[in-house]
Structure formats: structure tokens, C-alpha cells
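Undergrad: So here's structure_21.cif (mmCIF, C-alpha atoms).
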```cif
data_structure
#
loop_
_atom_site.label_atom_id
_atom_site.label_comp_id
_atom_site.auth_asym_id
_atom_site.auth_seq_id
_atom_site.Cartn_x
_atom_site.Cartn_y
_atom_site.Cartn_z
CA MET A 467 42.66 -4.93 142.44
CA GLN A 468 44.83 -4.78 145.51
CA THR A 469 48.44 -5.45 144.70
CA ASP A 470 48.61 -8.00 147.51
CA HIS A 471 45.74 -9.88 145.92
CA LEU A 472 47.50 -9.89 142.62
CA ILE A 473 50.66 -11.21 144.23
CA ALA A 474 48.74 -13.95 145.97
CA LEU A 475 47.03 -14.83 142.70
CA LEU A 476 50.31 -14.96 140.82
CA ALA A 477 52.08 -17.06 143.43
CA GLN A 478 49.22 -19.46 143.93
CA HIS A 479 50.03 -22.79 142.30
CA ALA A 480 52.67 -21.06 140.24
CA GLY A 481 54.89 -24.12 140.23
CA PRO A 482 58.50 -24.05 139.14
CA ALA A 483 59.56 -21.62 136.42
CA SER A 484 60.19 -23.17 133.04
CA ARG A 485 63.37 -21.58 131.85
CA VAL A 486 63.55 -20.49 128.26
CA THR A 487 66.37 -21.90 126.17
CA ALA A 488 67.85 -20.39 123.05
CA TRP A 489 67.18 -23.47 120.98
CA ARG A 490 63.55 -23.94 121.89
CA ALA A 491 62.68 -20.25 121.99
CA LEU A 492 64.36 -19.10 118.79
CA GLY A 493 66.61 -21.74 117.24
CA LEU A 494 63.87 -24.22 116.47
CA PRO A 495 61.45 -21.69 114.89
CA LEU A 496 64.23 -20.22 112.75
CA THR A 497 65.43 -23.67 111.68
CA ALA A 498 61.93 -24.77 110.76
CA ALA A 499 61.37 -21.54 108.79
CA THR A 500 64.67 -22.07 106.98
CA GLY A 501 63.53 -25.54 106.02
CA LEU A 502 60.33 -24.06 104.64
CA ALA A 503 62.27 -21.41 102.72
CA LEU A 504 64.58 -24.08 101.34
CA ALA A 505 61.66 -26.16 100.10
CA GLY A 506 60.00 -23.08 98.60
CA GLY A 507 63.23 -21.89 97.04
CA LEU A 508 63.96 -25.27 95.44
CA ALA A 509 60.41 -25.46 94.12
CA LEU A 510 60.33 -21.91 92.73
CA LEU A 511 63.91 -21.29 91.70
CA GLY A 512 65.35 -24.76 91.19
CA ALA A 513 68.39 -26.35 92.77
CA VAL A 514 71.99 -25.80 91.78
CA PRO A 515 73.54 -28.91 90.18
CA ALA A 516 74.82 -31.36 92.76
CA SER A 517 78.23 -31.17 91.08
CA ASP A 518 78.58 -27.61 92.41
CA PHE A 519 79.12 -29.05 95.85
CA VAL A 520 82.42 -30.50 94.72
CA THR A 521 83.68 -26.92 94.48
CA LEU A 522 84.26 -24.58 97.36
CA ALA A 523 81.73 -21.93 96.26
CA PRO A 524 78.50 -23.24 97.86
CA TRP A 525 80.34 -24.18 101.03
CA ILE A 526 81.62 -20.64 101.41
CA LYS A 527 78.06 -19.35 101.08
CA LEU A 528 76.73 -21.84 103.59
CA ALA A 529 79.52 -21.19 106.08
CA TYR A 530 79.11 -17.42 105.79
CA THR A 531 75.32 -17.34 106.08
CA GLY A 532 75.22 -20.13 108.65
CA THR A 533 77.69 -18.35 110.90
CA LEU A 534 75.75 -15.10 110.57
CA ALA A 535 72.50 -16.89 111.39
CA LEU A 536 74.02 -18.45 114.50
CA ALA A 537 75.68 -15.26 115.71
CA LEU A 538 72.74 -12.94 115.02
CA GLY A 539 70.28 -15.52 116.34
CA ALA A 540 72.24 -15.83 119.58
CA ALA A 541 72.33 -12.05 119.93
CA ALA A 542 68.59 -11.78 119.19
CA PHE A 543 67.83 -14.40 121.84
CA ARG A 544 69.86 -12.49 124.41
CA ALA A 545 68.11 -9.27 123.41
CA GLY A 546 64.91 -11.07 124.41
CA LEU A 547 66.10 -11.53 127.99
CA PRO A 548 65.73 -8.48 130.26
CA GLY A 549 69.02 -7.19 131.59
CA ARG A 550 71.10 -9.51 129.44
CA ARG A 551 73.81 -8.00 127.26
CA TRP A 552 73.53 -9.15 123.67
CA GLN A 553 76.59 -7.61 122.04
CA ALA A 554 79.09 -10.47 122.45
CA PRO A 555 77.87 -12.74 119.62
CA LEU A 556 78.17 -9.82 117.20
CA LYS A 557 81.93 -10.33 117.31
CA LEU A 558 81.42 -13.66 115.58
CA ALA A 559 79.19 -12.00 112.98
CA GLY A 560 81.80 -9.29 112.47
CA GLY A 561 84.49 -11.93 112.10
CA ALA A 562 82.47 -13.75 109.45
CA GLY A 563 81.92 -10.47 107.62
CA LEU A 564 85.64 -9.73 107.75
CA VAL A 565 86.63 -13.15 106.40
CA MET A 566 84.05 -12.78 103.62
CA ALA A 567 85.36 -9.32 102.74
CA VAL A 568 88.93 -10.62 102.53
CA LEU A 569 87.83 -13.51 100.29
CA ALA A 570 85.90 -11.08 98.11
CA LEU A 571 88.83 -8.74 97.77
CA ALA A 572 91.19 -11.62 97.01
CA ALA A 573 88.85 -12.94 94.31
CA TRP A 574 88.53 -9.49 92.80
CA LEU A 575 92.28 -8.88 92.77
CA ALA A 576 92.97 -12.34 91.35
CA ALA A 577 90.50 -11.92 88.50
CA PRO A 578 91.61 -10.49 85.15
CA ALA A 579 90.42 -6.94 84.70
CA ALA A 580 87.95 -7.94 81.99
CA LEU A 581 86.17 -10.37 84.31
CA ARG A 582 85.99 -8.18 87.37
CA ALA A 583 82.55 -6.82 86.59
CA ASP A 584 81.28 -10.39 86.17
CA ILE A 585 82.47 -11.67 89.51
CA VAL A 586 80.85 -8.73 91.27
CA LEU A 587 77.60 -8.59 89.29
CA GLY A 588 77.18 -12.25 88.43
CA SER A 589 75.92 -13.51 85.10
CA GLY A 590 72.87 -12.27 83.25
CA GLY A 591 72.19 -9.41 85.64
CA SER A 592 71.53 -11.78 88.52
CA TRP A 593 72.70 -9.14 91.00
CA THR A 594 69.52 -7.16 90.40
CA THR A 595 67.40 -9.90 91.96
CA CYS A 596 69.76 -11.65 94.38
CA ALA A 597 69.16 -9.46 97.43
CA ALA A 598 65.42 -9.47 96.77
CA LYS A 599 65.35 -13.28 96.55
CA VAL A 600 67.33 -13.54 99.77
CA ALA A 601 64.81 -11.25 101.46
CA LEU A 602 61.89 -13.19 99.99
CA LEU A 603 63.24 -16.51 101.29
CA ALA A 604 63.86 -14.80 104.63
CA LEU A 605 60.18 -13.95 105.12
CA PRO A 606 59.23 -17.23 106.88
CA ALA A 607 62.16 -16.84 109.26
CA LEU A 608 61.36 -13.16 109.81
CA GLY A 609 57.80 -13.99 110.76
CA ALA A 610 58.80 -16.93 112.95
CA GLY A 611 61.60 -14.94 114.58
CA LEU A 612 59.39 -11.97 115.42
CA VAL A 613 56.72 -14.22 116.90
CA ALA A 614 59.36 -16.10 118.89
CA LEU A 615 60.95 -12.91 120.21
CA ARG A 616 57.57 -11.49 121.14
CA ARG A 617 57.13 -14.42 123.51
CA LEU A 618 60.34 -13.43 125.26
CA ALA A 619 60.78 -10.01 126.86
CA PRO A 620 62.90 -7.72 124.67
CA THR A 621 63.51 -4.37 126.32
CA SER A 622 65.16 -2.65 123.38
CA LEU A 623 62.69 -3.21 120.59
CA THR A 624 64.58 -1.66 117.69
CA ALA A 625 67.78 -3.56 118.48
CA ALA A 626 65.91 -6.81 119.06
CA GLY A 627 64.01 -6.36 115.79
CA ALA A 628 67.19 -5.61 113.86
CA LEU A 629 68.97 -8.64 115.31
CA VAL A 630 66.16 -11.07 114.63
CA GLY A 631 65.72 -9.51 111.18
CA GLY A 632 69.41 -10.03 110.44
CA ALA A 633 69.23 -13.61 111.71
CA ALA A 634 66.19 -14.21 109.49
CA GLY A 635 68.01 -12.66 106.53
CA ALA A 636 70.93 -15.01 107.11
CA CYS A 637 68.51 -17.95 107.23
CA GLY A 638 66.99 -16.81 103.94
CA ALA A 639 70.44 -16.44 102.38
CA PHE A 640 71.37 -19.92 103.64
CA ALA A 641 68.34 -21.36 101.86
CA TYR A 642 69.01 -19.23 98.77
CA ALA A 643 72.54 -20.64 98.53
CA PHE A 644 71.05 -23.95 97.39
CA THR A 645 69.42 -22.30 94.38
CA CYS A 646 71.99 -19.65 93.48
CA PRO A 647 74.43 -20.57 90.67
CA GLU A 648 76.84 -17.67 91.30
CA SER A 649 80.19 -18.81 92.61
CA SER A 650 82.26 -15.69 93.28
CA PRO A 651 82.95 -14.70 96.89
CA ALA A 652 82.76 -11.06 95.79
CA TYR A 653 79.19 -11.58 94.62
CA VAL A 654 78.23 -13.30 97.87
CA ALA A 655 79.94 -10.71 100.03
CA ILE A 656 77.99 -7.89 98.40
CA TRP A 657 74.57 -9.14 97.36
CA TYR A 658 73.93 -11.77 100.02
CA SER A 659 74.99 -9.22 102.63
CA ALA A 660 72.71 -6.62 101.06
CA GLY A 661 69.72 -8.96 101.36
CA ILE A 662 70.59 -9.76 104.96
CA ALA A 663 71.03 -6.07 105.78
CA ALA A 664 67.66 -5.27 104.21
CA CYS A 665 66.04 -7.85 106.48
CA ALA A 666 67.82 -6.37 109.50
CA GLY A 667 66.44 -2.96 108.53
CA LEU A 668 62.97 -4.40 108.12
CA GLY A 669 63.25 -6.00 111.55
CA ALA A 670 64.40 -2.74 113.09
CA LEU A 671 61.33 -1.00 111.68
CA ALA A 672 58.99 -3.78 112.74
CA GLY A 673 60.46 -4.20 116.23
CA PRO A 674 58.91 -1.23 118.02
CA ARG A 675 55.52 -2.03 116.49
CA LEU A 676 55.40 -5.79 116.75
CA LEU A 677 57.58 -6.74 119.70
CA ARG A 678 55.84 -4.80 122.48
CA TRP A 679 54.72 -6.87 125.41
CA MET B 297 70.52 7.83 159.12
CA ASN B 298 70.24 5.82 155.99
CA VAL B 299 66.83 4.38 155.29
CA ASN B 300 67.87 3.25 151.85
CA GLU B 301 69.20 -0.22 151.41
CA PRO B 302 72.31 -0.47 149.28
CA PRO B 303 71.53 -2.37 146.09
CA ASP B 304 73.65 -5.33 147.13
CA THR B 305 71.50 -5.72 150.20
CA PHE B 306 68.38 -5.85 148.10
CA GLU B 307 69.92 -8.45 145.83
CA ALA B 308 71.14 -10.43 148.82
CA ALA B 309 67.67 -10.30 150.36
CA ILE B 310 65.71 -11.42 147.33
CA SER B 311 68.16 -13.76 145.62
CA PRO B 312 67.72 -16.80 147.91
CA LEU B 313 63.95 -16.32 147.93
CA TRP B 314 63.94 -16.01 144.18
CA GLN B 315 65.91 -19.21 143.72
CA ARG B 316 63.43 -21.09 145.88
CA ALA B 317 60.54 -19.46 144.04
CA GLN B 318 61.94 -20.44 140.66
CA ALA B 319 62.23 -24.01 141.91
CA GLY B 320 58.53 -23.99 142.77
CA ASP B 321 58.34 -22.74 146.39
CA GLU B 322 55.13 -20.70 146.36
CA ALA B 323 55.57 -19.13 149.79
CA ALA B 324 58.99 -17.88 148.79
CA TYR B 325 57.54 -16.65 145.51
CA GLN B 326 54.89 -14.63 147.31
CA MET B 327 57.48 -13.14 149.67
CA VAL B 328 59.86 -12.18 146.92
CA LEU B 329 57.09 -10.61 144.85
CA LYS B 330 56.15 -8.49 147.87
CA ARG B 331 59.71 -7.30 148.28
CA MET B 332 59.86 -6.53 144.61
CA ALA B 333 56.54 -4.67 144.74
CA GLN B 334 57.89 -2.37 147.46
CA ARG B 335 60.94 -1.65 145.44
CA LEU B 336 58.96 -1.07 142.27
CA ARG B 337 56.51 1.21 144.06
CA ALA B 338 59.33 3.44 145.23
CA TYR B 339 60.83 3.52 141.77
CA PHE B 340 57.63 4.37 139.92
CA LYS B 341 56.46 6.80 142.59
CA ARG B 342 59.57 8.81 142.09
CA ARG B 343 58.78 9.26 138.43
CA LEU B 344 54.99 9.40 138.48
CA GLY B 345 54.58 10.94 141.91
CA ASP B 346 51.67 13.08 140.82
CA HIS B 347 49.67 10.06 139.66
CA PRO B 348 49.39 7.57 142.50
CA ASP B 349 46.92 5.43 140.56
CA ASN B 350 49.38 5.14 137.70
CA VAL B 351 52.08 4.11 140.15
CA GLU B 352 50.07 1.21 141.47
CA ASP B 353 48.91 0.21 137.99
CA LEU B 354 52.49 0.15 136.81
CA VAL B 355 53.57 -1.86 139.85
CA GLN B 356 50.91 -4.43 139.06
CA GLU B 357 51.67 -4.48 135.38
CA THR B 358 55.34 -5.04 136.18
CA LEU B 359 54.60 -7.79 138.69
CA LEU B 360 52.51 -9.53 136.09
CA ALA B 361 55.32 -9.18 133.57
CA LEU B 362 57.81 -10.57 136.09
CA HIS B 363 55.53 -13.52 136.61
CA MET B 364 54.86 -14.23 132.97
CA GLN B 365 58.50 -13.77 132.00
CA ARG B 366 60.07 -15.56 134.96
CA GLY B 367 61.52 -18.13 132.59
CA THR B 368 63.66 -15.42 130.98
CA HIS B 369 65.77 -14.88 134.11
CA ASP B 370 69.23 -16.34 133.72
CA PRO B 371 70.22 -17.72 137.15
CA ALA B 372 73.80 -16.68 136.50
CA LEU B 373 72.76 -13.00 136.57
CA PRO B 374 71.48 -10.92 139.50
CA VAL B 375 67.70 -11.13 139.74
CA SER B 376 67.50 -7.46 140.79
CA HIS B 377 69.14 -6.50 137.52
CA TRP B 378 66.59 -8.54 135.59
CA MET B 379 63.75 -6.98 137.56
CA HIS B 380 65.10 -3.47 136.97
CA ALA B 381 65.32 -4.05 133.23
CA ILE B 382 61.66 -5.11 133.13
CA ALA B 383 60.56 -2.19 135.32
CA ARG B 384 62.41 0.28 133.18
CA TYR B 385 60.86 -1.19 130.04
CA LYS B 386 57.40 -0.89 131.57
CA LEU B 387 58.06 2.71 132.58
CA VAL B 388 59.31 3.66 129.12
CA ASP B 389 56.32 1.87 127.62
CA HIS B 390 54.03 3.85 129.94
CA TRP B 391 55.59 7.11 128.87
CA ARG B 392 55.39 6.14 125.24
CA ARG B 393 51.70 5.49 125.57
CA HIS B 394 51.18 8.75 127.39
CA GLY B 395 53.20 10.85 125.00
CA ARG B 396 56.05 11.59 127.35
CA ARG B 397 59.30 11.16 125.51
CA ASP B 398 61.61 12.69 128.06
CA ALA B 399 63.84 10.73 130.36
CA LEU B 400 63.84 7.65 128.18
CA HIS B 401 67.43 7.03 129.06
CA ASP B 402 66.84 6.48 132.67
CA PRO B 403 69.76 4.55 134.09
CA VAL B 404 69.07 1.30 135.86
CA GLN B 405 71.19 2.53 138.73
CA ASP B 406 68.45 4.98 139.64
CA PHE B 407 66.94 2.18 141.64
CA ASP B 408 69.88 2.13 143.92
CA ASP B 409 69.37 5.50 145.52
CA TYR B 410 65.72 4.84 146.11
CA ALA B 411 65.34 1.56 147.78
CA ASP B 412 62.78 0.33 150.21
CA ASP B 413 61.37 3.55 151.66
CA ALA B 414 58.13 2.72 149.96
CA LEU B 415 54.63 3.94 150.50
CA PRO B 416 52.59 1.85 152.88
CA GLN B 417 51.19 -1.01 150.90
CA ASP B 418 47.59 0.01 151.28
CA ARG B 419 47.84 3.69 150.59
CA ALA B 420 47.42 3.57 146.86
CA ALA B 421 43.77 2.92 146.38
CA ALA B 422 42.65 -0.26 144.68
CA ARG B 423 40.73 0.69 141.61
CA HIS B 424 39.38 -2.63 140.63
CA ASP B 425 37.99 -5.55 142.38
CA LEU B 426 39.48 -8.86 141.33
CA ALA B 427 36.25 -10.78 141.36
CA SER B 428 34.40 -8.33 139.16
CA LEU B 429 37.27 -8.22 136.69
CA LEU B 430 37.47 -11.99 136.56
CA ALA B 431 33.75 -12.13 135.87
CA ARG B 432 34.27 -10.03 132.78
CA LEU B 433 36.91 -12.23 131.21
CA PRO B 434 35.92 -14.46 128.30
CA ALA B 435 34.54 -17.66 129.74
CA ALA B 436 37.43 -19.90 128.70
CA GLN B 437 40.02 -17.57 130.20
CA ARG B 438 38.07 -17.08 133.39
CA ARG B 439 37.54 -20.80 133.83
CA ALA B 440 41.21 -21.56 133.21
CA ILE B 441 42.29 -18.97 135.78
CA GLU B 442 39.71 -20.05 138.32
CA LEU B 443 40.64 -23.70 138.01
CA THR B 444 44.39 -23.29 138.14
CA LYS B 445 44.84 -20.17 140.24
CA ILE B 446 41.90 -20.24 142.59
CA ALA B 447 40.72 -23.84 142.82
CA GLY B 448 44.34 -24.90 142.75
CA LEU B 449 44.18 -27.61 140.13
CA SER B 450 47.30 -28.46 138.20
CA VAL B 451 47.27 -27.60 134.52
CA GLU B 452 46.76 -31.29 133.75
CA GLU B 453 43.82 -31.56 136.14
CA ALA B 454 42.27 -28.39 134.75
CA ALA B 455 42.67 -29.79 131.26
CA ALA B 456 40.98 -33.03 132.27
CA HIS B 457 38.20 -30.98 133.88
CA THR B 458 37.43 -28.84 130.84
CA GLY B 459 38.37 -31.36 128.17
CA ASP B 460 40.91 -28.96 126.67
CA SER B 461 44.56 -29.72 126.06
CA THR B 462 47.11 -28.65 128.66
CA SER B 463 48.63 -26.14 126.29
CA ALA B 464 45.19 -24.64 125.67
CA ILE B 465 44.78 -24.16 129.42
CA LYS B 466 48.18 -22.51 129.70
CA VAL B 467 47.36 -20.19 126.83
CA GLN B 468 44.01 -19.24 128.37
CA VAL B 469 45.62 -18.51 131.74
CA HIS B 470 48.30 -16.46 130.08
CA ARG B 471 45.84 -14.46 127.97
CA GLY B 472 43.49 -13.97 130.86
CA LEU B 473 46.23 -12.61 133.11
CA LYS B 474 47.45 -10.37 130.35
CA ARG B 475 43.99 -9.00 129.79
CA LEU B 476 43.48 -8.43 133.51
CA ALA B 477 46.69 -6.46 133.56
CA ALA B 478 45.62 -4.38 130.58
CA TRP B 479 42.33 -3.54 132.27
CA VAL B 480 43.96 -2.68 135.54
CA GLN B 481 46.25 -0.39 133.68
CA GLY B 482 43.52 1.13 131.53
CA ARG B 483 45.61 0.61 128.44
CA PRO B 484 44.18 2.21 125.32
CA GLY B 485 43.41 -0.44 122.77
CA ALA B 486 42.86 -3.16 125.31
CA ALA B 487 39.45 -4.64 124.96
CA THR B 488 37.32 -3.09 127.67
CA PRO B 489 35.63 -5.37 130.16
CA GLY B 490 32.45 -6.87 128.84
CA GLN B 491 33.20 -6.11 125.24
CA GLU B 492 34.14 -9.59 124.20
CA ASP B 493 32.70 -13.02 124.46
#
```
Translate the structure of the given file into C-alpha cells.

TA:
Amino acid sequence: MQTDHLIALLAQHAGPASRVTAWRALGLPLTAATGLALAGGLALLGAVPASDFVTLAPWIKLAYTGTLALALGAAAFRAGLPGRRWQAPLKLAGGAGLVMAVLALAAWLAAPAALRADIVLGSGGSWTTCAAKVALLALPALGAGLVALRRLAPTSLTAAGALVGGAAGACGAFAYAFTCPESSPAYVAIWYSAGIAACAGLGALAGPRLLRW
Amino acid sequence: MNVNEPPDTFEAAISPLWQRAQAGDEAAYQMVLKRMAQRLRAYFKRRLGDHPDNVEDLVQETLLALHMQRGTHDPALPVSHWMHAIARYKLVDHWRRHGRRDALHDPVQDFDDYADDALPQDRAAARHDLASLLARLPAAQRRAIELTKIAGLSVEEAAAHTGDSTSAIKVQVHRGLKRLAAWVQGRPGAATPGQED
């Protein structure tokens, strides 16, 4: 095919460009997937008692994971736009991580020595499954996020995959917060973050394979 | 004598055209794609100089990507920068497919010292004829492309004509163009013409 013919074909009746927006391209799919994960999580794992929401604990989880989801989602969207720098929103994610680390350290220092293992590991060995449950509830968002990013034009596939994986992990952790009875910031800082990081790693591995366009 | 345009000149030349094209001006769109094609040809030729067919394939693949991804350009950013990022991705992707792992960190600025001293448009031989390629597309994709791109119907009119939804038409056009590009490029793994439907 002559290149000029191709150009004519492309331009013919092309109409105005429909600009992609962060919300429609990525925000909506991730939000819908989080809703699905929330419904699944409540059905499979059960909800925390409503009285928990009188305490600060679930709100800290939701604020931490929600901020991470927003920041990593914004970065992932930018990574889907050719020539756009995506690093800026990571400052917000780093800030959330820092605040969470300070809260965790404060909780650990404030706890009596005998209870320190409990606030880090949770009750009844729940730490052994927390990160895995976060990752499980992140699967809908991971799938939706990868599909959404594939429709954009990521030029650095590993980075884009890691960012959308991290955003999906944060969505999964957000949903998990509604079913997780643990209340210590130290627990959240470690095991929620581990689940989110695992999803980011999964996304980084999947990116070069699944995000090519 | 300097035959190379400074990068700012290229941006200044294509930016107004691009804005009009994005707003729906088809003549401006065609002009800006031609300017971009020249630039891309020079860029790819420099790196694949020994394979003129590959150069033209890559130019076409990139033009198609520019078209399909035109919604991802942020008007606040230079369009040349956006184009360069897509071209570089396509080049790296080409190397990846062909087992060349060197020079993956090719700076975007490399465009700047190799501007519009392109090959004459017609020198790289056309390997495929549009009509015969179109004929080999699955029927739904071919019809969608013919109606919207060649007969000039709007997506809504094409949808009314075939009885499909508008989004189905858009998807068929998109897939058809993508498949055409894959054939033109001879991508391994792309369904070969005539294999499907």
C-alpha cells in the first residue's frame, strides 16, 4: 500500500478526535472492578461489624488504600499517553506510604512489649492470608486495568504494568478493608502494602506481554 | 547549508495543522500526516537503512498508530513530542520482534538532528495494494471500512446501513485498520490474509 494512500484513507471522514480522559479510560473500569471485588469480598469473607466504623481503624485503611489507588491510577493513566511523564503522582503515593509508616511505628512504640507481635501479625495468624486476600480481591481491577491501559498507548510496558498493577492492588485492598477485622496501623502498613506490592509485581510481569499495541 | 529543520520549526509547522485536524479538519489532518510521514521516514531510515521495505512498513504502522491513538495527545504538550514517543515505541517494538536488542535507549532527541531531508515519497516501493488487502479482510471489517472510509458515511449512517450498533461499526473499523497494518508490516502472529472468515 502506498503511504499516501494510507494517509488519505486515515484522514478521510476521520472527524474530530475524541480525547481520552482519565476517568473514562481508567477510573471508571477500576471503580467498577472495585465494586465487584467489594461485593465478592462481602459475600465470601463477610463484612466487619458496622460498629467498627465508629473507630478510626477502617477509615485509616480506606484513606491509605484510596489515596494509593488514586495516585497510582493517575500515574498509570499518564503512562498510557505517549510522551507524557507519569512520575508526579507517585509523590502522593510516597506521601501516603510515609504517613502510614509513621502511624505504624507510633502504634508499635505505643503498644506494650507483650502485644507488639499481635499488632504486627494480627489475631489468629491472619497475616498469613491478608496479602493473598488483597491480591485476590485485586484480580478484577487488575484485569480491568490492563484491558483499559491496552486501549491507550503505553510506551514503557513494564512501568505501565507495574503502575496499573499497583493501582489494582490498592483497589483490592480498599475492598478488603470492609471485610478485614484487624485494626492496627502496623498490620495495615505491612500486609496491605505487601498485597499491593505483589500486584504491582504481577503487573510489571504482565505488562510487556499484555500491553503491546 | 543546513537542510535540517530545527525541531522547533517542525513543531511550529505541524502544531497549527494538528490542532485543526484534531478539531475535525480532514484536509489539515491529511497535510499533517504527510509532514509526519516525511519526518518518520527519515528517522526510521537512519536506523533501518539497509531495509527500505521495513522503513516504509514502520512509517505506515506508526501513522496508523498515530491515527488510532490521536485521542491520547494532550493538547498542552507538543505534538512532535507525542509523535516521537510513538515512533520510538514502534521502532523498539520492531527490534524486539526481530531480535535486535541493541540501541533500545534511543533518545527522543535523535529526531532533531535528522529532520525533513527525507527520501522522495515514492522511492520506497509499495508492497501491497490497498484494494487487494481490503478484499481479504473479514466481511464485517471490510464493510465497515468501506462504508465509513471510502463511501464516506458517518458511523451512524453506516450503522443504519448494516443494522449494527455504532460501537460495533467503530470496533470493526478499528480492528480492520489494525489488521491491515499488521499485514503491511508482515508481523509474525498476525493472521495472514485469507486465513480468516

Undergrad: Taking only C-alpha atoms into account and nothing else, which residues of chain B lie no more than 9 Å away from chain A? Please answer as a PyMOL selection string.

TA: chain B and resi 316-327+329-330+333+352-353+355-356+359-361+363+365-370+373+377-382+384-386+389+417-418+420-427+429+444-446+448-450+480

Undergrad: Residues near segment 651-661 of chain A, anyone? I mean within 8 Å using only C-alpha atoms, not counting same-chain ones fewer than 5 positions away, as a CSV table (one decimal) with C-alpha atoms, keeping the file's coordinate frame.

TA:
```csv
chain,number,residue,atom,x,y,z
A,523,ALA,CA,81.7,-21.9,96.3
A,526,ILE,CA,81.6,-20.6,101.4
A,527,LYS,CA,78.1,-19.4,101.1
A,563,GLY,CA,81.9,-10.5,107.6
A,566,MET,CA,84.0,-12.8,103.6
A,567,ALA,CA,85.4,-9.3,102.7
A,569,LEU,CA,87.8,-13.5,100.3
A,570,ALA,CA,85.9,-11.1,98.1
A,571,LEU,CA,88.8,-8.7,97.8
A,573,ALA,CA,88.8,-12.9,94.3
A,574,TRP,CA,88.5,-9.5,92.8
A,585,ILE,CA,82.5,-11.7,89.5
A,586,VAL,CA,80.8,-8.7,91.3
A,587,LEU,CA,77.6,-8.6,89.3
A,588,GLY,CA,77.2,-12.2,88.4
A,593,TRP,CA,72.7,-9.1,91.0
A,596,CYS,CA,69.8,-11.6,94.4
A,597,ALA,CA,69.2,-9.5,97.4
A,598,ALA,CA,65.4,-9.5,96.8
A,599,LYS,CA,65.4,-13.3,96.6
A,600,VAL,CA,67.3,-13.5,99.8
A,601,ALA,CA,64.8,-11.2,101.5
A,635,GLY,CA,68.0,-12.7,106.5
A,639,ALA,CA,70.4,-16.4,102.4
```

Undergrad: Extract, using only C-alpha atoms, all DNA, RNA and protein residues at most 9 Å from Leu536 of chain A, discarding same-chain residues fewer than 5 positions from it, and format them as a list of chain:residue names.

TA: A:Gly493, A:Thr531, A:Ala541, A:Pro555, A:Leu558, A:Ala559, A:Ala633, A:Ala636

Undergrad: Would you mind reading off the distance between atom CA of Gly539 of chain A and atom CA of Gly560 of chain A, one decimal, in Å?

TA: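 Interatomic distance here is 13.7 Å.
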
Undergrad: Tell me, in Å to one decimal, how far atom CA of Ala455 of chain B is from atom CA of Arg475 of chain B.

TA: 20.9 Å

Undergrad: Could you jot down the atom CA of Ala309 of chain B to atom CA of Leu473 of chain B separation for me, Å, one decimal place?

TA: 27.6 Å

Undergrad: Counting only C-alpha atoms, what is within 12 Å of Arg438 of chain B, bar same-chain residues fewer than 3 positions away, as a VMD selection string?

TA: chain B and resid 426 to 435 441 to 447 465 467 to 476 493

Undergrad: Pull C-alpha atoms from the residues just selected and write them as an mmCIF file, in the frame of the given file.

TA:
```
data_model
loop_
_atom_site.group_PDB
_atom_site.id
_atom_site.type_symbol
_atom_site.label_atom_id
_atom_site.label_comp_id
_atom_site.auth_asym_id
_atom_site.auth_seq_id
_atom_site.Cartn_x
_atom_site.Cartn_y
_atom_site.Cartn_z
ATOM 1 C CA LEU B 426 39.480 -8.860 141.330
ATOM 2 C CA ALA B 427 36.250 -10.780 141.360
ATOM 3 C CA SER B 428 34.400 -8.330 139.160
ATOM 4 C CA LEU B 429 37.270 -8.220 136.690
ATOM 5 C CA LEU B 430 37.470 -11.990 136.560
ATOM 6 C CA ALA B 431 33.750 -12.130 135.870
ATOM 7 C CA ARG B 432 34.270 -10.030 132.780
ATOM 8 C CA LEU B 433 36.910 -12.230 131.210
ATOM 9 C CA PRO B 434 35.920 -14.460 128.300
ATOM 10 C CA ALA B 435 34.540 -17.660 129.740
ATOM 11 C CA ILE B 441 42.290 -18.970 135.780
ATOM 12 C CA GLU B 442 39.710 -20.050 138.320
ATOM 13 C CA LEU B 443 40.640 -23.700 138.010
ATOM 14 C CA THR B 444 44.390 -23.290 138.140
ATOM 15 C CA LYS B 445 44.840 -20.170 140.240
ATOM 16 C CA ILE B 446 41.900 -20.240 142.590
ATOM 17 C CA ALA B 447 40.720 -23.840 142.820
ATOM 18 C CA ILE B 465 44.780 -24.160 129.420
ATOM 19 C CA VAL B 467 47.360 -20.190 126.830
ATOM 20 C CA GLN B 468 44.010 -19.240 128.370
ATOM 21 C CA VAL B 469 45.620 -18.510 131.740
ATOM 22 C CA HIS B 470 48.300 -16.460 130.080
ATOM 23 C CA ARG B 471 45.840 -14.460 127.970
ATOM 24 C CA GLY B 472 43.490 -13.970 130.860
ATOM 25 C CA LEU B 473 46.230 -12.610 133.110
ATOM 26 C CA LYS B 474 47.450 -10.370 130.350
ATOM 27 C CA ARG B 475 43.990 -9.000 129.790
ATOM 28 C CA LEU B 476 43.480 -8.430 133.510
ATOM 29 C CA ASP B 493 32.700 -13.020 124.460
#
```

Undergrad: Report the closest atom pair, with its distance in Å rounded to one decimal, for each residue of segment 546-607 of chain A that has an atom no farther than 12 Å from segment 666-671 of chain A; count all atoms listed in the file, sort by chain and then rising residue number, and write it as a Markdown table.

TA:
```
| residue | atom | partner | partner_atom | distance |
| --- | --- | --- | --- | --- |
| A:Ala601 | CA | A:Leu668 | CA | 9.7 |
| A:Ala604 | CA | A:Ala666 | CA | 10.5 |
| A:Leu605 | CA | A:Leu668 | CA | 10.4 |
| A:Ala607 | CA | A:Gly669 | CA | 11.1 |
```

Undergrad: Find, counting all atoms listed in the file, the residue in A:Ala516, A:Ala577, A:Leu676, A:Ala537 that gets nearest to Leu608 of chain A.

TA: A:Leu676

Undergrad: Convert the output of the PyMOL selection byres ((chain B and resi 351) around 10) on the shown file into explicit residues, formatted as a list of chain:residue names.

TA: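 Applying the expression gives B:Leu336, B:Arg337, B:Ala338, B:Tyr339, B:Phe340, B:Lys341, B:Arg342, B:Arg343, B:Leu344, B:Gly345, B:Asp346, B:His347, B:Pro348, B:Asp349, B:Asn350, B:Glu352, B:Asp353, B:Leu354, B:Val355, B:Gln356, B:Glu357, B:Leu387, B:Ala420, B:Gln481.
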
Undergrad: Report as number ranges by chain all protein, DNA and RNA residues lying within 7 Å of Thr500 of chain A, evaluated on all atoms listed in the file, omitting residues in the same chain fewer than 4 positions from it.

TA: A: 496, 504, 607, 637-638, 641

Undergrad: Using all atoms listed in the file, which residues sit within 9 Å of Ala498 of chain A once same-chain residues fewer than 3 positions away are excluded, as a ChimeraX atom specification?

TA: /A:493-495,501-503,606-607,610

Undergrad: Which residue, A:Leu575, A:Ala562, A:Ala545, A:Leu538, has the smallest gap to Gly673 of chain A when you use all atoms listed in the file?

TA: A:Ala545
